[in-house]
Amino acid sequence: MPPESDPALTVYVCSECGKPFPVGEVVKFCASCGARASSVSKTEEVDVAEKPRVLLVDDSHIARHKIGSILQNLGGIVADAADGEQALKMIDKERPDLLVLDVNMPKITGIDVLEKIRANESLVDLPVVMLTAEADVKIVARAISLKAADYIRKDDPVDQLTQRLKAHIDRSSSRGFGVSGCFTGD
């Protein structure tokens, strides 16, 4: 039996976002992005533990897709949340290497999420990039006072978004937490 047909030796990864699936699990489509999954031999498996894990939080599906695609193209393993409550639950389950957080969201705003993160001693050093469609001076000042690493407008040209996000991806490396939980669908 060739290694590719042996489930014990085959790893499935999403062809779009690179998300790995548990060994032995036959997967046709990625639950995260819907793209077709492809198989690779266990010996060819990319070490996803070396890739930075990014949690992208935005209530806009379009913004999550746009920013998520950029982050994935930059080598990040991206999990996403549609609101601040979901983000806080995901962060409690597994700490990302980088948090990209929309400012204006229902339920809990991005600034409120950032305040909660900074109040948690184990998350005080988590790099957070704030995203917004509008830049209110008071909100920018509040985010910076809460030690946001950057404040980026979502409507900036893709090349500028890519350049600014690349700087944060390059600084964010896996800190040995392992890739599981919200980053693999476990």
# chains A, B, ... in the order shown; residues from 1 in each chain; ligands from 1
$ residues_around --residues "A:Pro106" --least-positions-apart "4" --cutoff "8 Å" --atoms "only C-alpha atoms" --output "ChimeraX atom specification"
/A:59,83-84
$ write_last_selection --atoms "N, CA, C and O atoms" --output "PDB file, in the first residue's frame"
ATOM      1  N   ASP A  59     -16.504  41.461  12.683  1.00  0.00           N
ATOM      2  CA  ASP A  59     -17.891  41.065  12.448  1.00  0.00           C
ATOM      3  C   ASP A  59     -18.238  41.038  10.965  1.00  0.00           C
ATOM      4  O   ASP A  59     -19.251  40.488  10.580  1.00  0.00           O
ATOM      5  N   ASP A  83     -17.042  38.032  16.600  1.00  0.00           N
ATOM      6  CA  ASP A  83     -17.317  39.063  17.600  1.00  0.00           C
ATOM      7  C   ASP A  83     -16.362  38.911  18.785  1.00  0.00           C
ATOM      8  O   ASP A  83     -15.630  37.931  18.900  1.00  0.00           O
ATOM      9  N   GLY A  84     -16.392  39.908  19.660  1.00  0.00           N
ATOM     10  CA  GLY A  84     -15.487  39.934  20.800  1.00  0.00           C
ATOM     11  C   GLY A  84     -15.712  38.818  21.798  1.00  0.00           C
ATOM     12  O   GLY A  84     -14.752  38.284  22.366  1.00  0.00           O
TER      13      GLY A  84
END
$ atom_distance --atom1 "atom CA of A:Val78" --atom2 "atom CA of A:Ile139"
25.7 Å
$ atom_distance --atom1 "atom CA of A:Val54" --atom2 "atom CA of A:Ile77"
6.0 Å
$ closest_residue --among "A:Leu101, A:Ala149, A:Ile117, A:Ala141" --to "A:Leu55" --atoms "only C-alpha atoms"
A:Leu101
$ closest_residue --among "A:Ala81, A:Ala167, A:Ile70, A:Leu131" --to "A:Asp102" --atoms "only C-alpha atoms"
A:Leu131
$ select_by_dssp --residues "stretch 95-147 of chain A" --states "strand (DSSP E or B)" --output "PyMOL selection string"
chain A and resi 98-102+128-132
$ residues_around --residues "A:Ser69" --least-positions-apart "4" --cutoff "12 Å" --atoms "only C-alpha atoms" --output "JSON, numbers by chain"
{"A": [16, 17, 18, 33, 54, 56, 61, 62, 63, 64, 65, 73, 74, 75, 76, 77, 78, 79, 80, 158, 161, 162, 165]}
$ write_last_selection --atoms "N, CA and C atoms" --output "JSON list (two decimals), in the first residue's frame"
[["chain", "number", "residue", "atom", "x", "y", "z"],
["A", 16, "GLU", "N", -6.09, 25.87, 0.68],
["A", 16, "GLU", "CA", -6.20, 27.32, 0.69],
["A", 16, "GLU", "C", -5.48, 27.93, 1.90],
["A", 17, "CYS", "N", -5.85, 27.50, 3.11],
["A", 17, "CYS", "CA", -5.30, 28.14, 4.32],
["A", 17, "CYS", "C", -4.19, 27.34, 4.98],
["A", 18, "GLY", "N", -3.94, 26.11, 4.53],
["A", 18, "GLY", "CA", -2.85, 25.31, 5.08],
["A", 18, "GLY", "C", -3.17, 24.65, 6.40],
["A", 33, "CYS", "N", -12.42, 27.36, 5.99],
["A", 33, "CYS", "CA", -12.55, 28.26, 4.83],
["A", 33, "CYS", "C", -13.34, 27.64, 3.68],
["A", 54, "VAL", "N", -2.53, 33.24, 14.30],
["A", 54, "VAL", "CA", -3.18, 34.54, 14.31],
["A", 54, "VAL", "C", -4.68, 34.36, 14.52],
["A", 56, "LEU", "N", -8.01, 36.34, 14.07],
["A", 56, "LEU", "CA", -8.58, 37.49, 13.37],
["A", 56, "LEU", "C", -10.02, 37.66, 13.83],
["A", 61, "HIS", "N", -17.81, 39.52, 7.42],
["A", 61, "HIS", "CA", -17.29, 38.34, 6.72],
["A", 61, "HIS", "C", -16.32, 38.76, 5.61],
["A", 62, "ILE", "N", -16.64, 39.83, 4.92],
["A", 62, "ILE", "CA", -15.78, 40.30, 3.82],
["A", 62, "ILE", "C", -14.41, 40.72, 4.35],
["A", 63, "ALA", "N", -14.40, 41.46, 5.46],
["A", 63, "ALA", "CA", -13.12, 41.88, 6.04],
["A", 63, "ALA", "C", -12.33, 40.67, 6.54],
["A", 64, "ARG", "N", -13.01, 39.70, 7.17],
["A", 64, "ARG", "CA", -12.31, 38.49, 7.64],
["A", 64, "ARG", "C", -11.69, 37.76, 6.46],
["A", 65, "HIS", "N", -12.41, 37.68, 5.35],
["A", 65, "HIS", "CA", -11.87, 36.98, 4.18],
["A", 65, "HIS", "C", -10.67, 37.75, 3.61],
["A", 73, "ASN", "N", -1.41, 34.23, 3.36],
["A", 73, "ASN", "CA", -0.37, 34.37, 2.35],
["A", 73, "ASN", "C", 0.98, 34.77, 2.95],
["A", 74, "LEU", "N", 0.92, 35.41, 4.11],
["A", 74, "LEU", "CA", 2.15, 35.78, 4.82],
["A", 74, "LEU", "C", 2.68, 34.66, 5.70],
["A", 75, "GLY", "N", 1.99, 33.51, 5.70],
["A", 75, "GLY", "CA", 2.47, 32.34, 6.43],
["A", 75, "GLY", "C", 1.82, 32.10, 7.78],
["A", 76, "GLY", "N", 0.80, 32.87, 8.12],
["A", 76, "GLY", "CA", 0.13, 32.66, 9.40],
["A", 76, "GLY", "C", -0.90, 31.55, 9.33],
["A", 77, "ILE", "N", -1.12, 30.90, 10.45],
["A", 77, "ILE", "CA", -2.23, 29.96, 10.60],
["A", 77, "ILE", "C", -3.34, 30.78, 11.23],
["A", 78, "VAL", "N", -4.43, 30.97, 10.51],
["A", 78, "VAL", "CA", -5.46, 31.92, 10.91],
["A", 78, "VAL", "C", -6.72, 31.22, 11.40],
["A", 79, "ALA", "N", -7.15, 31.61, 12.59],
["A", 79, "ALA", "CA", -8.47, 31.25, 13.10],
["A", 79, "ALA", "C", -9.24, 32.56, 13.16],
["A", 80, "ASP", "N", -10.56, 32.50, 13.00],
["A", 80, "ASP", "CA", -11.29, 33.75, 13.05],
["A", 80, "ASP", "C", -12.50, 33.68, 13.96],
["A", 158, "VAL", "N", -4.34, 47.07, -0.55],
["A", 158, "VAL", "CA", -3.89, 45.72, -0.16],
["A", 158, "VAL", "C", -2.38, 45.68, 0.05],
["A", 161, "LEU", "N", -1.71, 47.15, 3.48],
["A", 161, "LEU", "CA", -2.16, 46.20, 4.50],
["A", 161, "LEU", "C", -1.16, 45.06, 4.63],
["A", 162, "THR", "N", -0.76, 44.53, 3.50],
["A", 162, "THR", "CA", 0.18, 43.40, 3.47],
["A", 162, "THR", "C", 1.50, 43.78, 4.13],
["A", 165, "LEU", "N", 0.92, 44.23, 7.97],
["A", 165, "LEU", "CA", 0.67, 42.95, 8.63],
["A", 165, "LEU", "C", 1.90, 42.05, 8.59]]
$ atom_distance --atom1 "atom CA of A:Ile91" --atom2 "atom CA of A:Ser60"
19.5 Å
$ residues_around --residues "A:Tyr151" --least-positions-apart "3" --cutoff "8 Å" --atoms "only C-alpha atoms" --output "number ranges by chain"
A: 129-132, 140, 143, 148
$ residues_around --residues "A:Leu114" --least-positions-apart "2" --cutoff "10 Å" --atoms "only C-alpha atoms" --output "VMD selection string"
chain A and resid 84 88 99 101 103 109 to 112 116 to 119 123 to 124 126 128 to 130 142 to 143 146 to 148
